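Right, one structure below, let's go through it.
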Amino acid sequence: MEAAVATREAGDERPVLIIAQDKGCFGRISRAKRCWAPPGVRPHAPTQVVREYLYAYTAVAPALGQMVSLILPEASTVMMNRFLEEVSHVFSMHFIVMQVDGAGWHRANDLVAPENIRLISQPAYSPELNPVEHIWDELREKHFHNHCFPSLECVTEALCQGLTALADDTERLRSLTNFPHLNVRR
């Protein structure tokens, strides 16, 4: 982290903001999950296999209780570049150190990080270090649990509602994502 901060321009007085980023895949394939039902009642949990997906890119700043999300059609370097531009714009008053996983598009030659963002990789095979994974769990539990969606637009709507509700609830967002390694004060 110190090495990433050391790369900023001399005289850059913006505060350092440590954030974590991840991408989640959401689609129309559903799997029945456990659910509560009164004794003697068998719950109805529909399932479907329709191979249509979209991707939610999210970055969370637990120290501020804020997150930025974009719903994009694919997981690629082009989409990551678009997402980095959005994060740079939203947190333009900060110098951002962003924790990312080992996805290929985080290391691609075509990846263009804005001038106020430095990417640092989390250790390989360690999703438990990324607080955005808790956001995906929350969304899947509260907005996708035992649901079948008739179209990708309905998936988008559910995803937007879930992301918006979480972004509006600062305390809930902090409680899900406030990992100690992201709380370094500068």
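Order determines the names: the first chain of the structure tokens is A, the second B, and so forth; residues in each chain are numbered 1 upward, and ligands are numbered 1 upward as they are shown.
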>> Considering only strand (DSSP E or B) as DSSP defines it on the backbone, what residues of range 55-163 of chain A qualify? List them as a PyMOL selection string.
In response: chain A and resi 55-61+66-72+95-100+117-121
>> I'd like the contact shell of Pro123 in chain A - 9 Å cut-off, only C-alpha atoms, skipping same-chain residues fewer than 4 positions apart - returned as a ChimeraX atom specification.
In response: /A:101-102,127,129
Can I get the selected residues back with N, CA, C and O atoms, as a PDB file, in the first residue's frame?
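The result, written out as again.pdb:
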ATOM      1  N   ASP A 101      -8.826  -8.039  -7.256  1.00  0.00           N
ATOM      2  CA  ASP A 101      -8.449  -9.456  -7.257  1.00  0.00           C
ATOM      3  C   ASP A 101      -7.550  -9.750  -8.453  1.00  0.00           C
ATOM      4  O   ASP A 101      -7.113  -8.850  -9.157  1.00  0.00           O
ATOM      5  N   GLY A 102      -7.288 -11.001  -8.716  1.00  0.00           N
ATOM      6  CA  GLY A 102      -6.347 -11.383  -9.763  1.00  0.00           C
ATOM      7  C   GLY A 102      -6.940 -11.573 -11.145  1.00  0.00           C
ATOM      8  O   GLY A 102      -6.349 -12.264 -11.971  1.00  0.00           O
ATOM      9  N   PRO A 127     -10.614 -14.639  -1.754  1.00  0.00           N
ATOM     10  CA  PRO A 127     -11.777 -13.759  -1.832  1.00  0.00           C
ATOM     11  C   PRO A 127     -12.250 -13.281  -0.464  1.00  0.00           C
ATOM     12  O   PRO A 127     -12.911 -12.241  -0.368  1.00  0.00           O
ATOM     13  N   LEU A 129     -10.656 -11.795   1.646  1.00  0.00           N
ATOM     14  CA  LEU A 129     -10.037 -10.496   1.939  1.00  0.00           C
ATOM     15  C   LEU A 129     -10.755  -9.333   1.262  1.00  0.00           C
ATOM     16  O   LEU A 129     -10.428  -8.184   1.517  1.00  0.00           O
TER      17      LEU A 129
END
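Among the candidates A:Val41, A:Ile29, A:Ile135, A:Ile117, the residue lying nearest to Met93 in chain A is A:Ile117 (atoms considered: only C-alpha atoms).
Residue nearest Ile19 in chain A within the list A:Arg118, A:Arg172, A:Lys33, A:Arg140: A:Arg118 [criterion: smallest interatomic distance, only C-alpha atoms].
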> Quick one: of A:Arg28, A:Lys23, A:Pro62, A:Arg82, who's nearest to Thr47 in chain A, counting only C-alpha atoms?
Replying inline: A:Arg28
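Shortest separation to Arg31 in chain A among A:His134, A:His147, A:Lys142, A:His181 occurs at residue A:His147, atoms counted being only C-alpha atoms.
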>> List the spatial neighbours of Trp105 in chain A as a VMD selection string - criterion: any atom at most 7 Å away, only C-alpha atoms, same-chain residues fewer than 4 positions off excluded.
In response: chain A and resid 76 to 77 111
Got time to write the residues from that selection, N, CA, C and O atoms, as a compact mmCIF listing (two decimals), in the first residue's frame?
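Generated file (selection-v3.txt):
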# COMPACT_ATOMS: atom_id res chain seq x y z
N SER A 76 -14.59 -7.44 -18.80
CA SER A 76 -13.48 -7.25 -19.73
C SER A 76 -12.67 -6.02 -19.33
O SER A 76 -13.08 -5.23 -18.48
N THR A 77 -11.55 -5.85 -19.99
CA THR A 77 -10.70 -4.68 -19.75
C THR A 77 -11.42 -3.40 -20.14
O THR A 77 -11.32 -2.39 -19.45
N LEU A 111 -5.40 -1.87 -19.84
CA LEU A 111 -6.04 -1.24 -18.68
C LEU A 111 -5.44 0.14 -18.45
O LEU A 111 -4.22 0.29 -18.42
>> Could you check the closest approach to Leu173 in chain A for each of A:Val112, A:Ala10, A:Ile120, A:Leu139 and tell me which residue wins, using only C-alpha atoms?
In response: A:Leu139
> So which residues touch Val5 in chain A within 9 Å, counting only C-alpha atoms, skipping near sequence neighbours fewer than 5 positions away, as a list in words?
Replying inline: Val16, Phe95, Ile96, Val97 and Arg118 of chain A
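Minimum distance to Asp110 in chain A across A:Pro131, A:Val87, A:Met80, A:Asp168 (counting only C-alpha atoms) occurs at A:Met80.
Excluding Val68 in chain A itself and any same-chain residue fewer than 2 positions from it, the protein and nucleic acid residues within 7 Å of it, counting only C-alpha atoms, are Thr58, Ala59, Val60 and Val87 of chain A.
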> Skipping near chain neighbours, those fewer than 6 positions away, what residues fall within 12 Å of Tyr57 in chain A using only C-alpha atoms, listed as a ChimeraX atom specification?
Replying inline: /A:20-26,67-76,79-84,86-87,100,132-133,135-136,159-160,163
> Could you pull out the alpha helix (DSSP H) residues of chain A from DSSP and send them as a VMD selection string?
Replying inline: chain A and resid 2 to 6 77 to 90 132 to 139 152 to 168 170 to 177
